[in-house]
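Notes follow the structure.
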Number of protein chains: 2
Amino acid sequence: MQSGLKLSKLMIQSIEDGFEVIFNEKVLLRHTLESPMLFIGRGQDSMDMYRGNFEIKDYVIERSPLLYADISQQEHEITVAFSKFSNIDPVMTLQIKEEDGRLSVEYHTNDESINRMWLRTPADPDEKVYGCGEQLSHFNLRGKNFPLWTSEPGVGRNKKTYVTWQADVLDKAGGDYYHTNFPQPTFVSSKKYYCHTDTTAYADFDFRNPHFHELQFWEIPKKTLFETADSFLELTGKITNLLGRQPELPDWIYNGVILGIQGGTEITESKINKALEKGMAIAGVWCQDWQGKRITSFGKRLMWNWKWNEKEYPGLDKKIPEWKKKEIRFLGYINPYVAIEGDLFKEAEEKGYLALNHQGTTYLVDFGEFYCGVVDFTNEDAFIWYKEVIKENLIQFGLDGWMADFGEYLPIDVVLSNGADPKKMHNAWPALWAKVNYEALVESGKLGEILFFMRAGYTGIQKYCTMLWGGDQSVDFSLDDGLASVIPAALSSGMIGCGLHHSDIGGYTSLHGNKRSKELLMRWADMGAFTPMMRTHEGNRPADCFQYDDDNESLEHLARMSNVYTALSPYTKSLVKENAKHGIPVQRPLFMHYEQDEKAYDIQYQYLYGRDLLVAPVHQENQTDWEVYLPEDEWVHIWSGEEFKGGTVTISAPIGYPPVFYRKSSKWKELFSQISSI
Amino acid sequence: MQSGLKLSKLMIQSIEDGFEVIFNEKVLLRHTLESPMLFIGRGQDSMDMYRGNFEIKDYVIERSPLLYADISQQEHEITVAFSKFSNIDPVMTLQIKEEDGRLSVEYHTNDESINRMWLRTPADPDEKVYGCGEQLSHFNLRGKNFPLWTSEPGVGRNKKTYVTWQADVLDKAGGDYYHTNFPQPTFVSSKKYYCHTDTTAYADFDFRNPHFHELQFWEIPKKTLFETADSFLELTGKITNLLGRQPELPDWIYNGVILGIQGGTEITESKINKALEKGMAIAGVWCQDWQGKRITSFGKRLMWNWKWNEKEYPGLDKKIPEWKKKEIRFLGYINPYVAIEGDLFKEAEEKGYLALNHQGTTYLVDFGEFYCGVVDFTNEDAFIWYKEVIKENLIQFGLDGWMADFGEYLPIDVVLSNGADPKKMHNAWPALWAKVNYEALVESGKLGEILFFMRAGYTGIQKYCTMLWGGDQSVDFSLDDGLASVIPAALSSGMIGCGLHHSDIGGYTSLHGNKRSKELLMRWADMGAFTPMMRTHEGNRPADCFQYDDDNESLEHLARMSNVYTALSPYTKSLVKENAKHGIPVQRPLFMHYEQDEKAYDIQYQYLYGRDLLVAPVHQENQTDWEVYLPEDEWVHIWSGEEFKGGTVTISAPIGYPPVFYRKSSKWKELFSQISSI
């Protein structure tokens, strides 16, 4: 073993029984006989999918440490040849080099039987870790492991809640703390580096050990990249240099709330008028049933044949431009599946655009009392065809936006046109689905004018998805699946390059006796005003959910919060621009601007809204006051004008007055000080 | 590699890329490069105990196949030296030999870092596997894995039941299909061999693979023994030759039912009289609160200071001989813990007989609102002292029997007198506890006269425990934790040498809204009459449980069933004798006498009661008829006299007339034919 090799910022250094790879003075890899950095082996997975919920197990046949490392230096890189024993041929070779300012570790092996790899990276006991996609239960990931597999996030997401148990027993759908629509094999360390691996295979990142992180991959990945920075702001900038950045939002978004409405043209029109009468600032209406709906035991479901349903929305083609004149946009809905009853299915099947089963016929996915085909995006013609569906049926029809739902359901036993292993394509699907939507916008010349929003994600989503939404929360105050959960969701996705996030105001899932209360809806709207996009949802069972227009008080409340949102829009717009330019998320963890504040690293239910606002949503019911942690600074309570220097404060927090503070020294101070008069 | 070595019945044979060990013409070990027979490695366990419920996880650091085997032959044995690679030193050596008619495989290694071993033994896809202690959910173990660690069996034992979920959330106590008071690393194959491993470490036997069984051990065990036979009867005989056999039951057992009574001398007396008035055949009364009781949120609990409580049972010393004259025995209760408030605790602590914690003071176990010391049976003086407690306080006082409760709770962080790792002693504890009781009987000259019954078990229990009882069932009809579950429990423990089994008539655990119905109690008594011992239990919450004397109908019903039991006793006694002599269990799986009947191998809710009776307890509620599978033979329905030749039949099965059939050719035919007139 050689020591002290130095290649620009990259250095390999000999230590007792091993070596360290140091990059920009950070130890990013460490290998010793006692704690080897690489393990390889073989596993036999078992994966069961039931409506987007996966039961995944692994039988690990072999897991061998690669104890012996032979290091050699070429001009621009270091090669480390690993073997299980000192006197046998190496089984895996790593090429370690600097590449575009990053530390690149490429993996090579000739042993095709290897299908598991575990990489250990050095950790400190007090280090924190963030990212891994959009995580709903934990922002700091330390102390747990996180399987990374896009799926339904689960109903309840906590094995100790009765809702979760019922969802598990009845539908295998309860989920757990790590289930998410948007996982990603990328983490950010509080030691100011990120670690990103180029893979779409199932992975499981384990942050439980005090001395190392252990990253498990169900393949030999292509490579792992590390990049360091002096600040977290710089670091998210670097992540988005690598992965891409979201464009700015269309200007019309800032006009107010987007009302989630269903039921046809007449109902939509009347709801618009009712809201306008109350002085509501409306950016648009979002009618997911614009293409028709069906009733199932789950609740109201959509028709999944992506075109205007004239029967349910008579005259919509005329109404859309009419509403647009009033600055009210019309948004719809689409997903990457086509229902068996529709003509799109028929067309796609005839053209061979649908994924097949092993019998060679169309693969049908059970979506809960109805079946759909999977548009095969690995087939270039199908990809193009679906873009055309979006261009013609959505964009040309006049939609200014839509929910691009799903993306996390690719079955693991489909036969795809490109012959790829569906278990490797499963995690790749969300970004493919985003790309279809993105290119439809670009090719129509509408990028920046039209908005689509997605819940599914994976590496690549950063550059294709114009807006995230937090997926389907339960209509409750639970930490793991209710209002609170969208805060760590926004923060974690923001850490890895998706800085635009919002959620269904009021939540979505009303099952197993769970019904949305008026209080929940109003608290959610309070928070929504301090996110880059406000949008309500009726829920899966609208009759079981309190709706914003169910009484006058909540109608007026939403109207007022929509005006708060609008009043803030110059500031919000500047944040969105910062995200588009520098990859700095709109919703930020407190430590992003208060690096010296140790407490800030563990706060997951508060956020900085840009540099100058601190938001601490009331996420529990029956609260009149709320405890807020303020990093040391000069803070002004936005509603009362009361000033604070930092520390833990308890603030009066009635509905409509969420705990929000602005920095006294902010250049937006003038704007912030006017909010209280709305 | 050499081939065709033959050592008497033992043969080692070369196959492609490996070898097979053949013993009595059965392939018991197989090794190939593709499917190696041995894996070794290292793991780091995490074990949490909460009131006898354990959460156990393992982080497998390394799992390496031992691919290369070097075989050499000595005079009486074969040595196989295994290594990971062909050109390196062997890491493990196996000595394979015939020993007392068994195939013995001894494990040797010099690598002390190894703490995990996986042994694969060859399997056929259609092979069945039984045993692994007392298994309550599955008799045929194929298709699942079975962690082997003595613990509480769980309340509910099925993650899909609401009772289990509540028990999990409130007390971490729900359990799962494999939790049992009595696990054992011994299995019996339908290919007519047993496999027993000499270890007390945590183990996990995995029977999921069609082509091999995989036995995981958290140490390098001493050895594994295999023995083959031509019949299952012969095989259980051989198992009990190895592990020991239970003695015959005292004669007084056959006098009738043992009534579980609590509440003092007067209540006991009055319940005896009431039962006698109804013509009940009574063998004894079992008063677990003879030593006092306390009330906790779980229900009524005992005092745990093992001596007559004169306040609760005034005059008991006089009453016991009085009842005995009427042929009614008095039974009590003890367990291996002493409550902190009692004088036994004080004495044991002073003498240094209690296990310590790492601070060097007495280890206190939380038993649910009270604390106890652990009598340290690894300390010979403590062992002797506790025997004396039993001799003096129980035997000399006049008890004719007792429940020797617990044994499965040894905490994994105690400090024991012999310095042993408590994680290795945990599974050893049940047999140690049985031995304390057994030796107290032997040394008092009372073996065969006094009976104790246990729920905890492990290897060794066979020779020390006079009677098993099925532990704490829920007072319901659930398959995993109700009436049904004690049938596979009896069958599986019978397969590995414990042929005497009974259960609490009516079940025990009434929690989370679960209350015992009259129907459940009566169905349980129906079954109890066809087990070697009948004993009722009031349950943990007597007021929530229907009691046998709550109404006249059930009192008369129990009286009648006690007379059925008594009438059968000459036959039962012959079975118990057979068990003591040949190790053939009293309750037997159907295949034990019908080896050719393929269906018989998967039946777990029926049993043969000896050679000549077939019992199919009604284990669901609201049944009037019951479907029974009869192997091909001449069967007579015991109540109606109707005759059957075999196959699936539906039989009328009102309460009090459990589906029981006798063989027409039985020498006990006369006796059986009289049962219907009771």
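Each chain in the structure tokens gets a letter, A, B and so on, in the order shown; residues start at 1 in every chain, and ligands are counted from 1 in the order they appear.
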Exercise. For Ala567 (chain B), work out the shell of residues within 12 Å, counting only C-alpha atoms and skipping chain neighbours fewer than 3 positions away, then give it as a PyMOL selection string.
Key: chain B and resi 254-256+281+529-530+560-564+570-573+668+670-678
Could those selected residues go to a file with N, CA, C and O atoms, as a CSV table (one decimal), in the first residue's frame?
```csv
chain,number,residue,atom,x,y,z
B,254,TYR,N,-56.0,-39.3,36.9
B,254,TYR,CA,-57.1,-39.9,36.1
B,254,TYR,C,-58.4,-39.9,36.9
B,254,TYR,O,-59.4,-40.4,36.4
B,255,ASN,N,-58.4,-39.4,38.1
B,255,ASN,CA,-59.6,-39.3,38.9
B,255,ASN,C,-60.6,-38.3,38.3
B,255,ASN,O,-61.8,-38.3,38.7
B,256,GLY,N,-60.2,-37.4,37.5
B,256,GLY,CA,-61.1,-36.4,36.9
B,256,GLY,C,-60.4,-35.1,36.6
B,256,GLY,O,-59.2,-35.1,36.4
B,281,ALA,N,-66.4,-35.6,38.3
B,281,ALA,CA,-65.2,-36.4,38.7
B,281,ALA,C,-64.0,-35.4,38.9
B,281,ALA,O,-63.6,-34.7,38.0
B,529,ALA,N,-61.2,-33.3,27.6
B,529,ALA,CA,-61.5,-34.7,28.0
B,529,ALA,C,-60.7,-35.7,27.2
B,529,ALA,O,-60.5,-36.9,27.6
B,530,PHE,N,-60.2,-35.3,26.0
B,530,PHE,CA,-59.4,-36.2,25.2
B,530,PHE,C,-57.9,-35.7,25.2
B,530,PHE,O,-57.3,-35.8,24.1
B,560,ARG,N,-70.1,-33.9,33.1
B,560,ARG,CA,-70.2,-35.0,32.2
B,560,ARG,C,-68.8,-35.2,31.5
B,560,ARG,O,-68.4,-36.4,31.3
B,561,MET,N,-68.2,-34.2,31.0
B,561,MET,CA,-66.9,-34.4,30.3
B,561,MET,C,-65.8,-35.0,31.2
B,561,MET,O,-65.0,-35.7,30.8
B,562,SER,N,-65.9,-34.6,32.5
B,562,SER,CA,-64.9,-35.2,33.4
B,562,SER,C,-65.1,-36.7,33.6
B,562,SER,O,-64.2,-37.4,33.7
B,563,ASN,N,-66.4,-37.1,33.4
B,563,ASN,CA,-66.7,-38.5,33.5
B,563,ASN,C,-66.3,-39.2,32.2
B,563,ASN,O,-65.9,-40.4,32.2
B,564,VAL,N,-66.4,-38.5,31.1
B,564,VAL,CA,-65.9,-39.1,29.8
B,564,VAL,C,-64.4,-39.3,30.0
B,564,VAL,O,-63.8,-40.4,29.7
B,570,PRO,N,-58.4,-45.9,31.5
B,570,PRO,CA,-57.6,-47.1,31.3
B,570,PRO,C,-56.8,-47.0,30.0
B,570,PRO,O,-55.6,-47.3,29.9
B,571,TYR,N,-57.5,-46.5,29.0
B,571,TYR,CA,-56.9,-46.3,27.7
B,571,TYR,C,-55.8,-45.2,27.7
B,571,TYR,O,-54.7,-45.4,27.3
B,572,THR,N,-56.2,-44.1,28.3
B,572,THR,CA,-55.2,-43.0,28.4
B,572,THR,C,-54.0,-43.4,29.2
B,572,THR,O,-52.9,-43.1,28.8
B,573,LYS,N,-54.2,-44.1,30.2
B,573,LYS,CA,-53.1,-44.6,31.0
B,573,LYS,C,-52.1,-45.4,30.2
B,573,LYS,O,-50.9,-45.3,30.4
B,668,TRP,N,-59.7,-51.8,22.5
B,668,TRP,CA,-60.4,-50.9,23.5
B,668,TRP,C,-61.9,-50.7,23.1
B,668,TRP,O,-62.6,-49.8,23.6
B,670,GLU,N,-64.7,-52.0,23.3
B,670,GLU,CA,-65.7,-52.2,24.4
B,670,GLU,C,-65.8,-50.9,25.2
B,670,GLU,O,-66.9,-50.4,25.4
B,671,LEU,N,-64.6,-50.5,25.7
B,671,LEU,CA,-64.6,-49.2,26.5
B,671,LEU,C,-65.1,-48.0,25.7
B,671,LEU,O,-65.9,-47.3,26.2
B,672,PHE,N,-64.6,-47.9,24.5
B,672,PHE,CA,-65.1,-46.7,23.6
B,672,PHE,C,-66.6,-46.7,23.4
B,672,PHE,O,-67.2,-45.7,23.4
B,673,SER,N,-67.1,-47.9,23.2
B,673,SER,CA,-68.5,-48.0,22.9
B,673,SER,C,-69.4,-47.6,24.1
B,673,SER,O,-70.6,-47.3,23.9
B,674,GLN,N,-68.8,-47.6,25.3
B,674,GLN,CA,-69.6,-47.2,26.4
B,674,GLN,C,-69.6,-45.7,26.7
B,674,GLN,O,-70.4,-45.2,27.5
B,675,ILE,N,-68.7,-45.0,26.0
B,675,ILE,CA,-68.6,-43.6,26.3
B,675,ILE,C,-69.9,-42.8,26.0
B,675,ILE,O,-70.2,-41.9,26.7
B,676,SER,N,-70.5,-43.2,24.9
B,676,SER,CA,-71.7,-42.5,24.5
B,676,SER,C,-72.9,-42.5,25.5
B,676,SER,O,-73.8,-41.7,25.4
B,677,SER,N,-72.8,-43.4,26.4
B,677,SER,CA,-73.9,-43.5,27.4
B,677,SER,C,-73.6,-42.6,28.6
B,677,SER,O,-74.4,-42.5,29.5
B,678,ILE,N,-72.5,-41.9,28.6
B,678,ILE,CA,-72.2,-41.0,29.8
B,678,ILE,C,-72.9,-39.7,29.6
B,678,ILE,O,-73.0,-39.1,28.6
```
With a cut-off of 10 Å, could you pull out the residues of chain A touching chain B and give me the nearest pair of atoms for each, distance in Å to one decimal, using only C-alpha atoms, ordered by chain and ascending number, as CSV?
```
residue,atom,partner,partner_atom,distance
A:Ser35,CA,B:Ile61,CA,9.8
A:Phe39,CA,B:Glu62,CA,8.3
A:Ile40,CA,B:Glu62,CA,9.7
A:Gly41,CA,B:Arg63,CA,8.7
A:Val60,CA,B:Arg63,CA,8.2
A:Ile61,CA,B:Arg63,CA,7.4
A:Glu62,CA,B:Arg63,CA,5.2
A:Arg63,CA,B:Arg63,CA,4.8
A:Ser64,CA,B:Glu62,CA,5.5
A:Pro65,CA,B:Glu62,CA,6.6
A:Lys84,CA,B:Lys84,CA,9.4
A:Phe85,CA,B:Ile88,CA,8.7
A:Ser86,CA,B:Ile88,CA,9.8
A:Asn87,CA,B:Ile88,CA,8.5
A:Ile88,CA,B:Asn87,CA,8.5
A:Lys159,CA,B:Val169,CA,8.2
A:Lys160,CA,B:Val169,CA,5.6
A:Thr161,CA,B:Val169,CA,8.3
A:Tyr162,CA,B:Trp165,CA,8.4
A:Trp165,CA,B:Trp165,CA,7.4
A:Gln166,CA,B:Lys160,CA,8.7
A:Asp168,CA,B:Lys160,CA,8.1
A:Val169,CA,B:Lys160,CA,5.6
A:Leu170,CA,B:Lys160,CA,9.0
```
Self-check item: Residue neighbourhood Arg245 (chain B), 8 Å, only C-alpha atoms, exclusion window fewer than 2 positions, as a PyMOL selection string
Solution: chain B and resi 240-241+243+247+462-463+497-498+579-581+583
Include all heavy atoms and write out the residues we just selected as a PDB file, in the first residue's frame.
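Output file part-v1.pdb follows:
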```pdb
ATOM      1  N   THR B 240     -36.328 -39.635  21.955  1.00  0.00           N
ATOM      2  CA  THR B 240     -36.395 -39.673  23.417  1.00  0.00           C
ATOM      3  C   THR B 240     -35.283 -40.537  24.015  1.00  0.00           C
ATOM      4  O   THR B 240     -34.920 -40.335  25.169  1.00  0.00           O
ATOM      5  CB  THR B 240     -37.788 -40.141  23.880  1.00  0.00           C
ATOM      6  OG1 THR B 240     -38.153 -41.326  23.154  1.00  0.00           O
ATOM      7  CG2 THR B 240     -38.816 -39.062  23.610  1.00  0.00           C
ATOM      8  N   ASN B 241     -34.725 -41.448  23.237  1.00  0.00           N
ATOM      9  CA  ASN B 241     -33.495 -42.103  23.689  1.00  0.00           C
ATOM     10  C   ASN B 241     -32.400 -41.071  23.887  1.00  0.00           C
ATOM     11  O   ASN B 241     -31.609 -41.142  24.809  1.00  0.00           O
ATOM     12  CB  ASN B 241     -33.000 -43.115  22.646  1.00  0.00           C
ATOM     13  CG  ASN B 241     -33.689 -44.461  22.803  1.00  0.00           C
ATOM     14  OD1 ASN B 241     -34.292 -44.736  23.842  1.00  0.00           O
ATOM     15  ND2 ASN B 241     -33.618 -45.287  21.774  1.00  0.00           N
ATOM     16  N   LEU B 243     -32.884 -37.556  24.140  1.00  0.00           N
ATOM     17  CA  LEU B 243     -33.189 -36.374  24.954  1.00  0.00           C
ATOM     18  C   LEU B 243     -33.832 -36.707  26.300  1.00  0.00           C
ATOM     19  O   LEU B 243     -33.920 -35.848  27.169  1.00  0.00           O
ATOM     20  CB  LEU B 243     -34.113 -35.425  24.176  1.00  0.00           C
ATOM     21  CG  LEU B 243     -33.564 -34.900  22.850  1.00  0.00           C
ATOM     22  CD1 LEU B 243     -34.632 -34.087  22.132  1.00  0.00           C
ATOM     23  CD2 LEU B 243     -32.316 -34.057  23.062  1.00  0.00           C
ATOM     24  N   PRO B 247     -41.694 -39.309  32.782  1.00  0.00           N
ATOM     25  CA  PRO B 247     -42.233 -40.458  33.515  1.00  0.00           C
ATOM     26  C   PRO B 247     -43.747 -40.538  33.334  1.00  0.00           C
ATOM     27  O   PRO B 247     -44.376 -39.643  32.769  1.00  0.00           O
ATOM     28  CB  PRO B 247     -41.868 -40.139  34.969  1.00  0.00           C
ATOM     29  CG  PRO B 247     -41.725 -38.659  35.027  1.00  0.00           C
ATOM     30  CD  PRO B 247     -41.266 -38.220  33.665  1.00  0.00           C
ATOM     31  N   GLN B 462     -37.385 -32.610  28.144  1.00  0.00           N
ATOM     32  CA  GLN B 462     -37.949 -33.955  27.989  1.00  0.00           C
ATOM     33  C   GLN B 462     -37.738 -34.813  29.225  1.00  0.00           C
ATOM     34  O   GLN B 462     -38.621 -35.548  29.634  1.00  0.00           O
ATOM     35  CB  GLN B 462     -37.346 -34.650  26.753  1.00  0.00           C
ATOM     36  CG  GLN B 462     -37.758 -34.060  25.413  1.00  0.00           C
ATOM     37  CD  GLN B 462     -37.013 -32.792  25.013  1.00  0.00           C
ATOM     38  OE1 GLN B 462     -36.178 -32.275  25.755  1.00  0.00           O
ATOM     39  NE2 GLN B 462     -37.333 -32.260  23.848  1.00  0.00           N
ATOM     40  N   LYS B 463     -36.532 -34.733  29.769  1.00  0.00           N
ATOM     41  CA  LYS B 463     -36.268 -35.659  30.886  1.00  0.00           C
ATOM     42  C   LYS B 463     -36.628 -35.079  32.239  1.00  0.00           C
ATOM     43  O   LYS B 463     -36.669 -35.806  33.221  1.00  0.00           O
ATOM     44  CB  LYS B 463     -34.831 -36.172  30.856  1.00  0.00           C
ATOM     45  CG  LYS B 463     -33.758 -35.152  31.017  1.00  0.00           C
ATOM     46  CD  LYS B 463     -32.373 -35.850  31.014  1.00  0.00           C
ATOM     47  CE  LYS B 463     -31.299 -34.801  30.830  1.00  0.00           C
ATOM     48  NZ  LYS B 463     -30.326 -35.094  29.843  1.00  0.00           N
ATOM     49  N   GLY B 497     -40.299 -35.263  21.648  1.00  0.00           N
ATOM     50  CA  GLY B 497     -40.028 -35.945  22.917  1.00  0.00           C
ATOM     51  C   GLY B 497     -40.864 -35.541  24.097  1.00  0.00           C
ATOM     52  O   GLY B 497     -40.663 -36.075  25.183  1.00  0.00           O
ATOM     53  N   CYS B 498     -41.779 -34.578  23.917  1.00  0.00           N
ATOM     54  CA  CYS B 498     -42.665 -34.212  25.021  1.00  0.00           C
ATOM     55  C   CYS B 498     -44.075 -34.677  24.683  1.00  0.00           C
ATOM     56  O   CYS B 498     -44.860 -33.935  24.092  1.00  0.00           O
ATOM     57  CB  CYS B 498     -42.645 -32.711  25.260  1.00  0.00           C
ATOM     58  SG  CYS B 498     -41.193 -32.198  26.165  1.00  0.00           S
ATOM     59  N   ASN B 579     -45.771 -43.613  26.232  1.00  0.00           N
ATOM     60  CA  ASN B 579     -44.921 -42.432  26.115  1.00  0.00           C
ATOM     61  C   ASN B 579     -43.705 -42.559  27.032  1.00  0.00           C
ATOM     62  O   ASN B 579     -42.584 -42.248  26.642  1.00  0.00           O
ATOM     63  CB  ASN B 579     -45.724 -41.173  26.463  1.00  0.00           C
ATOM     64  CG  ASN B 579     -44.894 -39.904  26.341  1.00  0.00           C
ATOM     65  OD1 ASN B 579     -44.434 -39.576  25.249  1.00  0.00           O
ATOM     66  ND2 ASN B 579     -44.688 -39.210  27.448  1.00  0.00           N
ATOM     67  N   ALA B 580     -43.945 -43.021  28.266  1.00  0.00           N
ATOM     68  CA  ALA B 580     -42.844 -43.161  29.222  1.00  0.00           C
ATOM     69  C   ALA B 580     -41.856 -44.234  28.780  1.00  0.00           C
ATOM     70  O   ALA B 580     -40.658 -44.118  28.988  1.00  0.00           O
ATOM     71  CB  ALA B 580     -43.395 -43.476  30.611  1.00  0.00           C
ATOM     72  N   LYS B 581     -42.384 -45.252  28.150  1.00  0.00           N
ATOM     73  CA  LYS B 581     -41.538 -46.392  27.770  1.00  0.00           C
ATOM     74  C   LYS B 581     -40.849 -46.188  26.418  1.00  0.00           C
ATOM     75  O   LYS B 581     -39.666 -46.456  26.256  1.00  0.00           O
ATOM     76  CB  LYS B 581     -42.419 -47.652  27.695  1.00  0.00           C
ATOM     77  CG  LYS B 581     -41.820 -48.840  28.419  1.00  0.00           C
ATOM     78  CD  LYS B 581     -42.826 -49.963  28.490  1.00  0.00           C
ATOM     79  CE  LYS B 581     -42.113 -51.281  28.726  1.00  0.00           C
ATOM     80  NZ  LYS B 581     -43.056 -52.375  28.929  1.00  0.00           N
ATOM     81  N   GLY B 583     -41.469 -43.267  24.264  1.00  0.00           N
ATOM     82  CA  GLY B 583     -41.411 -41.898  23.739  1.00  0.00           C
ATOM     83  C   GLY B 583     -42.415 -41.623  22.638  1.00  0.00           C
ATOM     84  O   GLY B 583     -42.228 -40.700  21.840  1.00  0.00           O
TER      85      GLY B 583
END
```
Quiz item: Running DSSP on the backbone, which parts of region 427-578 of chain A land in strand (DSSP E or B), as JSON, numbers by chain?
Solution: {"A": [447, 450, 451, 452, 453, 454, 468, 469, 474, 501, 502, 505, 509, 516, 535, 536, 545]}
Practice problem: Please provide as a PyMOL selection string all residues within 6 Å of region 426-432 of chain A, with the sequence filter that same-chain residues fewer than 6 positions apart are discarded (counting only C-alpha atoms). | Solution: chain A and resi 150+200+407+410+456-457+460-461
For Val91 (chain A): contacts at 7 Å, only C-alpha atoms, fewer than 5 positions along chain excluded, given as an mmCIF file with N, CA, C and O atoms, in the first residue's frame:
```cif
data_model
loop_
_atom_site.group_PDB
_atom_site.id
_atom_site.type_symbol
_atom_site.label_atom_id
_atom_site.label_comp_id
_atom_site.auth_asym_id
_atom_site.auth_seq_id
_atom_site.Cartn_x
_atom_site.Cartn_y
_atom_site.Cartn_z
ATOM 1 N N PHE A 82 -9.666 -4.445 -5.005
ATOM 2 C CA PHE A 82 -10.072 -5.104 -3.760
ATOM 3 C C PHE A 82 -10.175 -6.611 -3.951
ATOM 4 O O PHE A 82 -10.683 -7.078 -4.972
ATOM 5 N N SER A 83 -9.717 -7.338 -2.937
ATOM 6 C CA SER A 83 -9.924 -8.787 -2.964
ATOM 7 C C SER A 83 -10.309 -9.269 -1.572
ATOM 8 O O SER A 83 -10.103 -8.571 -0.585
ATOM 9 N N THR A 109 -16.282 -4.702 -11.944
ATOM 10 C CA THR A 109 -16.064 -6.104 -11.565
ATOM 11 C C THR A 109 -16.300 -6.976 -12.779
ATOM 12 O O THR A 109 -17.033 -6.600 -13.697
ATOM 13 N N ASP A 111 -17.106 -10.217 -12.094
ATOM 14 C CA ASP A 111 -17.893 -11.318 -11.539
ATOM 15 C C ASP A 111 -19.384 -10.996 -11.676
ATOM 16 O O ASP A 111 -19.935 -10.187 -10.946
#
```
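Checking B:Trp286, B:Tyr177, B:Trp149, B:Tyr68 one by one against Asp204 (chain B), counting only C-alpha atoms, you find the shortest gap at B:Trp149.
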Quiz item: Do you have the CA of Pro90 (chain A)-CA of Ala69 (chain B) distance handy?
Solution: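 Taking CA of Pro90 (chain A) and CA of Ala69 (chain B), their separation equals 22.2 Å.
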Self-check item: Shell around Gly133 (chain A) at 12 Å using only C-alpha atoms, local window under 5 positions removed, as a VMD selection string
Solution: chain A and resid 138 to 139 141 146 to 150 178 to 188 196 205 427 455 to 462 468 470 488 to 499
Quiz item: Between CA of Met527 (chain B) and CA of Gly646 (chain B), what is the distance, to one decimal in Å?
Solution: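 Calculated distance between CA of Met527 (chain B) and CA of Gly646 (chain B) is 21.6 Å.
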Practice problem: Looking only at helix (DSSP H, G or I) from DSSP on the backbone, list the matching residues of region 393-548 of chain A as a PyMOL selection string. | Solution: chain A and resi 393-395+422-425+429-443+461-464+483-495+518-528+542-544
Quiz item: Could you pull the residues within 10 Å of region 304-315 of chain B, counting only C-alpha atoms, minus those fewer than 5 positions along the same chain, as a ChimeraX atom specification?
Solution: /B:262-268,287,289-294,320,332-345,370-372,389-390,392-394,397
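Using only C-alpha atoms, the smallest distance between any of A:Thr164, A:Asn540, A:Ser666, A:Thr199 and Thr509 (chain A) comes from A:Asn540.
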Quiz item: Suppose you want the space between CA of Arg541 (chain A) and CA of Gly506 (chain A); what is it in Å?
Solution: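 If I compute the distance from CA of Arg541 (chain A) to CA of Gly506 (chain A), I get 12.2 Å.
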